[in-house]
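Student: My questions will all concern the structure given below.
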Amino acid sequence: MGALLQFVGDWGHALAAVLFAALGIFLLRRRDEAPEPRLLSAALLLTSCWALYVSFGGVSKPLSGIGESIRNAAWLLAMFVMLRRGPVGRAAPAVAISAVYAAVAGLILLQTFTDLAWRQLSPASDLHHALVTCSLILRMMTAIGSLLLVHQLYTAWPSRERGGVALLLGALAAMWTYDLNLYVICYFAPHRVSELYALRGLLMALLAPVIAVGMRKGMAGRLQLSRAITFQSLSIVAVGLYVVVLTAAAVLIELIAGPYARVVEIAAVFFAAVTALVLLPSPQVRALWKVQVAKHFFQHRYDYRTEWMRFGDTIGRPGEDAAPLGGRVAKAMADITDSPAAILMLRDERDALSFETHWNWTGDLAQVDAVAPATVLQIEKSGWIVDLARLKTGDGALILPGWMTQDRRAWALVPLIHYGRLIGALLLARPPIDRRLDWEDFDMLRAAGRQAATHISEAQGQQALDDAQRFEEFNRRFAFIIHDVKNLVSQLSLLSRNAERHADNPEFRADMVLTLKESVGKMNDMLARLSQHNKGRAEEPRPMALIDLLQQVARARARLHPVHVAGDAPLALADPARVEQIITHLLQNAIDASAPDSPVELRLSADGGEAVVEIVDRGKGMSAEYVRRDLFKPFSSSKAAGFGLGAFEARSLALAMGGRIEVESKPGAGSRFTLRLPLAPRTDRQEKAA
């Protein structure tokens, strides 16, 4: 044994001695009068003494084997008392189990006698060699008998209370399993066993915390093994056993094959390694291993907490690169049963289930037949998950599309029900390890299907809300357009009446053609604003001369009603198209409120950092209450044929550009609408000119 290995062996056993001693003393200080804790503390302290002796003297010292026998006897006695006085009580077959305990105790006594005997003989004698071999066989038999008793105690313990002894018995099983492998290898290859002797101390040191957790009151009941950790741990153990078997096979080959041992060893190792590398990564092998672990180590097939968290993470995955909701739902449901693929079908306007999307399902799915409405009603009424392998035939049976019943991959059809209404269904592919659906699958898939239906229904509701908002936006713009159309109709009506009297006037005809062109242009602009690609957003404000725009609007209206423009102001920071809409709305309202011969004034000025446009008329005027409550309220108008949108749209456009509209009005005296817009920043050239 090398120096490093000797160091690991000595200090590993010393650490185990410290941990077991501390645990035994802690258990003694609890002052429990029952014999079980006292026997457990005695077994812990005797284990500590054995480990301490090995750390100082090594395994070759005379008392190391005897100390191990005493350790084993102490733990077996504690197990026997737990069996007789614990929850098992008299339910166990006392005579048969007591006989096994007595047999193992006899093996320990015989082993102790053998250890004392062969140490008194010369190492060169045949009797010495025979007694050493007998001692190894007795130790193997003791380990096997102890493992059988651990298994019997665990299975005899009530299932509801096994959590309190699982870790303790698991630690004892690990201890005797290591001893069994140690002595088997020592029997076949004694020159290769020094490493295992050295590492046994580290194993015992690792088992001490496990025993401590298992004996702590209340903790064992709360401690549950993770399925992932169990799967990985058992995988590591399986790999370790595979290596042990491979090593044992190599030792046997050396003993049997003679001069051809090396060639046979290389061939056997190569064949075993290639077989392992081919089979272990296979999805079928992994699925079978997971099924067997869940079947034999856990009460339920599913770890509900883990499955539910994974289900939520898959469906609710954020980010722009995430798959659409339908694909995420299909994957989340398929992951529960380890299904390699899934198809999502949603209810359409005919109440049939039509193909929506899929996850990993190969083949042409674009033309697959939908599930008939009558079948949809049957599934909705029952709410059952359809096991396609047990699909009934005859009267009352579900009539599913041929592609679904004939596809060998189809395994289960999960209904997605939201508040009693079937909104869709999910077709799951058969998992790598084909198995029958049972009650646990049905319960898990039913609960997950309802949750998935909630997500899909919420997404459909959000889509409907988005559509309604788009319609609302369209209707809002349409209402503004109708208001503008009304203004154009008023202009064209007045134009047509004047045409009857002034048709022979060339100047009037020229003005009429110009007015018609402007009206057509405005109508085209309205259609553009009504387009779904036009979001109705104001353009980026830019410096503009308000006087030019006012004069242009006044000229267009002067042919119909007298309009006067006065004043001037610096450049304003605004969107010309939106300002024109505001002035047009307010000016048209002023014209409608004025007498035919009463002019409307457009006054332009500056006030501080704002450009001020005043639209003044001497018409009917408005009451203060109407201005406060109804003027800027949509669909509220003082005119019989009005829509009540002009002032509302004008104020909305002004606010969008950082401006505002003020109103002064008095019944019978007219109204003054004041538009205030921010001035554009002055450039260096403008500063010098000023």
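Note on naming: chains are A, B, ... as they come in the structure tokens, residues start from 1 per chain, ligands start from 1 in the order shown.
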From a DSSP calculation on the backbone, collect every residue of segment 331-553 of chain A in strand (DSSP E or B) and output the set as a PyMOL selection string.

Tutor: chain A and resi 342-347+353-359+371+386-387+410-418+421-429+542-544

Student: Can you tell me which residues surround Leu549 of chain A at a distance of at most 10 Å, considering only C-alpha atoms, apart from same-chain residues fewer than 4 positions away, and format the answer as a list in words?

Tutor: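 Listed by chain and then number, they are Met544, Ala545, Val553, Ala554, Arg555, Pro576, Ala577, Val579, Glu580 and Ile583 of chain A.
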
Student: Which value, in Å to one decimal, gives the distance between atom CA of Val565 of chain A and atom CA of Leu492 of chain A?

Tutor: 23.1 Å

Student: Could you check how far atom CA of Gly326 of chain A sits from atom CA of Thr357 of chain A, in Å to one decimal?

Tutor: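 Taking atom CA of Gly326 of chain A and atom CA of Thr357 of chain A, their separation equals 6.3 Å.
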
Student: If we count only C-alpha atoms and set the cut-off at 10 Å, which residues sit around Ile66 of chain A, ignoring sequence neighbours fewer than 6 positions away in its own chain? Please answer as a list in words.

Tutor: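 Within the cut-off, the hits are Trp50, Asn72, Ile108, Leu109, Gln111, Thr112, Phe113, Asp115 and Leu116 of chain A.
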
Student: Go ahead and dump the residues you just picked, all heavy atoms, as an mmCIF file, in the first residue's frame.

Tutor:
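Writing done, so here's selection_22.cif:
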```cif
data_model
loop_
_atom_site.group_PDB
_atom_site.id
_atom_site.type_symbol
_atom_site.label_atom_id
_atom_site.label_comp_id
_atom_site.auth_asym_id
_atom_site.auth_seq_id
_atom_site.Cartn_x
_atom_site.Cartn_y
_atom_site.Cartn_z
ATOM 1 N N TRP A 50 -14.032 0.521 16.648
ATOM 2 C CA TRP A 50 -13.430 -0.285 15.577
ATOM 3 C C TRP A 50 -12.706 0.606 14.563
ATOM 4 O O TRP A 50 -11.573 0.309 14.158
ATOM 5 C CB TRP A 50 -14.536 -1.088 14.895
ATOM 6 C CG TRP A 50 -14.129 -1.607 13.542
ATOM 7 C CD1 TRP A 50 -13.347 -2.677 13.277
ATOM 8 C CD2 TRP A 50 -14.471 -1.031 12.274
ATOM 9 N NE1 TRP A 50 -13.173 -2.840 11.927
ATOM 10 C CE2 TRP A 50 -13.865 -1.826 11.279
ATOM 11 C CE3 TRP A 50 -15.242 0.051 11.892
ATOM 12 C CZ2 TRP A 50 -14.001 -1.553 9.932
ATOM 13 C CZ3 TRP A 50 -15.371 0.315 10.545
ATOM 14 C CH2 TRP A 50 -14.766 -0.471 9.579
ATOM 15 N N ASN A 72 -20.564 -5.667 13.989
ATOM 16 C CA ASN A 72 -21.691 -6.300 13.315
ATOM 17 C C ASN A 72 -22.692 -6.869 14.316
ATOM 18 O O ASN A 72 -23.917 -6.747 14.134
ATOM 19 C CB ASN A 72 -21.188 -7.412 12.392
ATOM 20 C CG ASN A 72 -20.389 -6.875 11.215
ATOM 21 O OD1 ASN A 72 -20.542 -5.712 10.830
ATOM 22 N ND2 ASN A 72 -19.529 -7.706 10.638
ATOM 23 N N ILE A 108 -20.962 -15.156 13.227
ATOM 24 C CA ILE A 108 -20.034 -14.172 13.800
ATOM 25 C C ILE A 108 -19.146 -14.834 14.855
ATOM 26 O O ILE A 108 -17.928 -14.590 14.911
ATOM 27 C CB ILE A 108 -20.828 -12.997 14.386
ATOM 28 C CG1 ILE A 108 -21.511 -12.207 13.262
ATOM 29 C CG2 ILE A 108 -19.913 -12.074 15.193
ATOM 30 C CD1 ILE A 108 -22.393 -11.088 13.754
ATOM 31 N N LEU A 109 -19.734 -15.704 15.688
ATOM 32 C CA LEU A 109 -18.933 -16.401 16.700
ATOM 33 C C LEU A 109 -17.908 -17.321 16.042
ATOM 34 O O LEU A 109 -16.730 -17.361 16.441
ATOM 35 C CB LEU A 109 -19.854 -17.201 17.621
ATOM 36 C CG LEU A 109 -20.717 -16.385 18.591
ATOM 37 C CD1 LEU A 109 -21.660 -17.293 19.361
ATOM 38 C CD2 LEU A 109 -19.832 -15.592 19.553
ATOM 39 N N GLN A 111 -16.690 -17.037 13.082
ATOM 40 C CA GLN A 111 -15.706 -16.185 12.410
ATOM 41 C C GLN A 111 -14.690 -15.654 13.411
ATOM 42 O O GLN A 111 -13.478 -15.613 13.129
ATOM 43 C CB GLN A 111 -16.446 -15.034 11.739
ATOM 44 C CG GLN A 111 -15.566 -13.939 11.149
ATOM 45 C CD GLN A 111 -16.394 -12.757 10.690
ATOM 46 O OE1 GLN A 111 -17.422 -12.939 10.059
ATOM 47 N NE2 GLN A 111 -15.958 -11.571 11.032
ATOM 48 N N THR A 112 -15.154 -15.263 14.606
ATOM 49 C CA THR A 112 -14.237 -14.768 15.637
ATOM 50 C C THR A 112 -13.267 -15.864 16.075
ATOM 51 O O THR A 112 -12.052 -15.629 16.222
ATOM 52 C CB THR A 112 -15.038 -14.265 16.846
ATOM 53 O OG1 THR A 112 -15.951 -13.253 16.404
ATOM 54 C CG2 THR A 112 -14.124 -13.686 17.902
ATOM 55 N N PHE A 113 -13.795 -17.065 16.278
ATOM 56 C CA PHE A 113 -12.928 -18.195 16.650
ATOM 57 C C PHE A 113 -11.908 -18.472 15.552
ATOM 58 O O PHE A 113 -10.729 -18.727 15.826
ATOM 59 C CB PHE A 113 -13.793 -19.435 16.913
ATOM 60 C CG PHE A 113 -12.998 -20.670 17.165
ATOM 61 C CD1 PHE A 113 -12.395 -20.897 18.412
ATOM 62 C CD2 PHE A 113 -12.821 -21.627 16.157
ATOM 63 C CE1 PHE A 113 -11.645 -22.048 18.634
ATOM 64 C CE2 PHE A 113 -12.070 -22.765 16.384
ATOM 65 C CZ PHE A 113 -11.477 -22.991 17.625
ATOM 66 N N ASP A 115 -10.694 -16.341 13.353
ATOM 67 C CA ASP A 115 -9.696 -15.272 13.332
ATOM 68 C C ASP A 115 -8.652 -15.467 14.424
ATOM 69 O O ASP A 115 -7.450 -15.219 14.218
ATOM 70 C CB ASP A 115 -10.398 -13.921 13.507
ATOM 71 C CG ASP A 115 -11.131 -13.499 12.245
ATOM 72 O OD1 ASP A 115 -10.835 -14.057 11.171
ATOM 73 O OD2 ASP A 115 -12.009 -12.607 12.325
ATOM 74 N N LEU A 116 -9.118 -15.882 15.596
ATOM 75 C CA LEU A 116 -8.166 -16.117 16.686
ATOM 76 C C LEU A 116 -7.274 -17.319 16.396
ATOM 77 O O LEU A 116 -6.096 -17.349 16.781
ATOM 78 C CB LEU A 116 -8.922 -16.338 17.995
ATOM 79 C CG LEU A 116 -9.663 -15.109 18.555
ATOM 80 C CD1 LEU A 116 -10.469 -15.492 19.782
ATOM 81 C CD2 LEU A 116 -8.677 -13.998 18.895
#
```

Student: Which residues come within 12 Å of Glu518 of chain A, counting only C-alpha atoms, excluding same-chain residues fewer than 2 positions away, as a PyMOL selection string?

Tutor: chain A and resi 488+491-492+511-516+520-525+552-553+555-557

Student: Using only C-alpha atoms, which of A:Glu540, A:Asp592, A:Glu662, A:Glu440 sits nearest Ala574 of chain A?

Tutor: A:Glu540

Student: For a test of reading the model, state the distance in Å between atom CA of Ile661 of chain A and atom CA of Ala569 of chain A, rounded to one decimal.

Tutor: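 A separation of 17.3 Å between them.
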
Student: I'd like to know which of A:Gly67, A:Gly424, A:Gly201, A:Pro123 is closest to Val18 of chain A, using only C-alpha atoms.

Tutor: A:Gly201

Student: For Thr337 of chain A, which residue among A:Ala412, A:Ala397, A:Leu127, A:Leu391 is the nearest when counting only C-alpha atoms?

Tutor: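 Closest to Thr337 of chain A, using only C-alpha atoms: A:Ala412.
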
Student: List the spatial neighbours of Ala654 of chain A as a compact mmCIF listing (two decimals) with all heavy atoms, in the first residue's frame - criterion: any atom at most 9 Å away, only C-alpha atoms, same-chain residues fewer than 4 positions off excluded.

Tutor:
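File around.txt, as written:
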```txt
# COMPACT_ATOMS: atom_id res chain seq x y z
N ARG A 578 -51.63 68.00 -39.09
CA ARG A 578 -52.50 67.99 -37.93
C ARG A 578 -53.00 69.40 -37.59
O ARG A 578 -54.16 69.59 -37.21
CB ARG A 578 -51.77 67.40 -36.72
CG ARG A 578 -51.26 65.98 -36.91
CD ARG A 578 -52.38 65.06 -37.32
NE ARG A 578 -51.94 63.68 -37.30
CZ ARG A 578 -52.21 62.80 -38.25
NH1 ARG A 578 -52.91 63.18 -39.31
NH2 ARG A 578 -51.80 61.56 -38.15
N VAL A 579 -52.14 70.39 -37.77
CA VAL A 579 -52.57 71.77 -37.52
C VAL A 579 -53.67 72.17 -38.49
O VAL A 579 -54.66 72.83 -38.12
CB VAL A 579 -51.37 72.74 -37.61
CG1 VAL A 579 -51.84 74.19 -37.49
CG2 VAL A 579 -50.36 72.42 -36.51
N ILE A 582 -56.89 70.77 -37.28
CA ILE A 582 -57.43 71.51 -36.13
C ILE A 582 -58.11 72.80 -36.61
O ILE A 582 -59.25 73.11 -36.24
CB ILE A 582 -56.31 71.83 -35.12
CG1 ILE A 582 -55.75 70.52 -34.53
CG2 ILE A 582 -56.82 72.74 -34.02
CD1 ILE A 582 -54.53 70.73 -33.66
N GLU A 649 -61.69 65.92 -31.62
CA GLU A 649 -60.51 65.56 -32.40
C GLU A 649 -59.49 66.69 -32.41
O GLU A 649 -58.28 66.45 -32.33
CB GLU A 649 -60.91 65.20 -33.83
CG GLU A 649 -59.72 64.72 -34.67
CD GLU A 649 -60.10 64.38 -36.08
OE1 GLU A 649 -61.21 64.75 -36.51
OE2 GLU A 649 -59.27 63.75 -36.78
N ALA A 650 -59.97 67.94 -32.48
CA ALA A 650 -59.04 69.08 -32.49
C ALA A 650 -58.23 69.13 -31.20
O ALA A 650 -57.01 69.33 -31.22
CB ALA A 650 -59.82 70.38 -32.68
N GLY A 658 -48.15 68.70 -28.10
CA GLY A 658 -47.68 69.53 -26.99
C GLY A 658 -48.38 70.86 -26.88
O GLY A 658 -47.88 71.77 -26.20
N GLY A 659 -49.51 71.01 -27.54
CA GLY A 659 -50.27 72.26 -27.48
C GLY A 659 -51.55 72.11 -26.68
O GLY A 659 -51.77 71.08 -26.02
N ARG A 660 -52.41 73.11 -26.77
CA ARG A 660 -53.69 73.04 -26.07
C ARG A 660 -54.68 74.00 -26.73
O ARG A 660 -54.28 74.87 -27.52
CB ARG A 660 -53.52 73.38 -24.59
CG ARG A 660 -53.10 74.83 -24.31
CD ARG A 660 -52.84 75.01 -22.82
NE ARG A 660 -52.62 76.40 -22.45
CZ ARG A 660 -51.46 77.04 -22.55
NH1 ARG A 660 -50.39 76.39 -23.02
NH2 ARG A 660 -51.35 78.32 -22.20
N ILE A 661 -55.96 73.82 -26.39
CA ILE A 661 -57.03 74.66 -26.93
C ILE A 661 -57.80 75.27 -25.76
O ILE A 661 -58.19 74.56 -24.84
CB ILE A 661 -57.97 73.84 -27.84
CG1 ILE A 661 -57.22 73.37 -29.09
CG2 ILE A 661 -59.19 74.66 -28.24
CD1 ILE A 661 -58.06 72.51 -30.01
N LEU A 675 -55.89 78.34 -30.09
CA LEU A 675 -54.95 77.22 -30.23
C LEU A 675 -53.56 77.71 -29.87
O LEU A 675 -53.07 78.67 -30.46
CB LEU A 675 -54.97 76.68 -31.66
CG LEU A 675 -53.88 75.67 -32.02
CD1 LEU A 675 -54.03 74.39 -31.19
CD2 LEU A 675 -53.91 75.35 -33.52
N ARG A 676 -52.92 77.05 -28.90
CA ARG A 676 -51.57 77.42 -28.47
C ARG A 676 -50.62 76.27 -28.82
O ARG A 676 -50.86 75.12 -28.43
CB ARG A 676 -51.53 77.70 -26.97
CG ARG A 676 -52.34 78.94 -26.57
CD ARG A 676 -52.25 79.19 -25.07
NE ARG A 676 -52.94 80.41 -24.69
CZ ARG A 676 -52.39 81.62 -24.66
NH1 ARG A 676 -51.10 81.78 -25.01
NH2 ARG A 676 -53.09 82.68 -24.30
N LEU A 677 -49.56 76.62 -29.55
CA LEU A 677 -48.56 75.65 -29.97
C LEU A 677 -47.18 76.15 -29.56
O LEU A 677 -46.92 77.36 -29.58
CB LEU A 677 -48.60 75.43 -31.48
CG LEU A 677 -49.89 74.80 -32.05
CD1 LEU A 677 -49.87 74.85 -33.57
CD2 LEU A 677 -50.04 73.37 -31.56
```

Student: Determine which residues of segment 320-353 of chain A DSSP labels as alpha helix (DSSP H) from the backbone of this structure, then write them out as a ChimeraX atom specification.

Tutor: /A:325-336

Student: Using only C-alpha atoms, which residue out of A:Ala51, A:Leu107, A:Ala3, A:Leu136 lies closest to Arg71 of chain A?

Tutor: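 Of A:Ala51, A:Leu107, A:Ala3, A:Leu136, the one nearest Arg71 of chain A is A:Ala51, counting only C-alpha atoms.
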
Student: Given only C-alpha atoms as the basis, pick out the residue of A:Leu5, A:Met140, A:Ala669, A:Leu110 nearest to Asp617 of chain A.

Tutor: A:Ala669

Student: If we count only C-alpha atoms, what is near Leu388 of chain A at a cut-off of 8 Å, once residues fewer than 2 positions away on the same chain are taken out, given as a VMD selection string?

Tutor: chain A and resid 386 390 to 391 405 410 to 413

Student: Those residues with N, CA, C and O atoms, as a PDB file, in the first residue's frame please?

Tutor:
```pdb
ATOM      1  N   VAL A 386     -58.907   9.479 -23.947  1.00  0.00           N
ATOM      2  CA  VAL A 386     -59.135   8.359 -24.864  1.00  0.00           C
ATOM      3  C   VAL A 386     -57.845   7.562 -25.009  1.00  0.00           C
ATOM      4  O   VAL A 386     -56.834   8.076 -25.507  1.00  0.00           O
ATOM      5  N   ARG A 390     -57.207   0.941 -26.354  1.00  0.00           N
ATOM      6  CA  ARG A 390     -58.402   0.272 -25.824  1.00  0.00           C
ATOM      7  C   ARG A 390     -59.676   0.882 -26.411  1.00  0.00           C
ATOM      8  O   ARG A 390     -60.716   0.875 -25.771  1.00  0.00           O
ATOM      9  N   LEU A 391     -59.587   1.433 -27.593  1.00  0.00           N
ATOM     10  CA  LEU A 391     -60.732   2.092 -28.197  1.00  0.00           C
ATOM     11  C   LEU A 391     -61.827   1.076 -28.490  1.00  0.00           C
ATOM     12  O   LEU A 391     -61.600   0.068 -29.173  1.00  0.00           O
ATOM     13  N   THR A 405     -56.599   6.633 -35.812  1.00  0.00           N
ATOM     14  CA  THR A 405     -56.683   5.260 -35.325  1.00  0.00           C
ATOM     15  C   THR A 405     -55.702   4.326 -36.026  1.00  0.00           C
ATOM     16  O   THR A 405     -55.324   3.285 -35.470  1.00  0.00           O
ATOM     17  N   ALA A 410     -49.945   6.989 -32.449  1.00  0.00           N
ATOM     18  CA  ALA A 410     -50.996   7.586 -31.622  1.00  0.00           C
ATOM     19  C   ALA A 410     -51.211   6.740 -30.372  1.00  0.00           C
ATOM     20  O   ALA A 410     -51.409   5.519 -30.450  1.00  0.00           O
ATOM     21  N   TRP A 411     -51.229   7.398 -29.214  1.00  0.00           N
ATOM     22  CA  TRP A 411     -51.275   6.682 -27.930  1.00  0.00           C
ATOM     23  C   TRP A 411     -52.462   7.118 -27.073  1.00  0.00           C
ATOM     24  O   TRP A 411     -53.207   6.297 -26.559  1.00  0.00           O
ATOM     25  N   ALA A 412     -52.636   8.420 -26.908  1.00  0.00           N
ATOM     26  CA  ALA A 412     -53.712   8.920 -26.047  1.00  0.00           C
ATOM     27  C   ALA A 412     -54.202  10.256 -26.585  1.00  0.00           C
ATOM     28  O   ALA A 412     -53.409  11.071 -27.070  1.00  0.00           O
ATOM     29  N   LEU A 413     -55.515  10.475 -26.467  1.00  0.00           N
ATOM     30  CA  LEU A 413     -56.138  11.736 -26.859  1.00  0.00           C
ATOM     31  C   LEU A 413     -56.629  12.420 -25.588  1.00  0.00           C
ATOM     32  O   LEU A 413     -57.536  11.925 -24.915  1.00  0.00           O
TER      33      LEU A 413
END
```
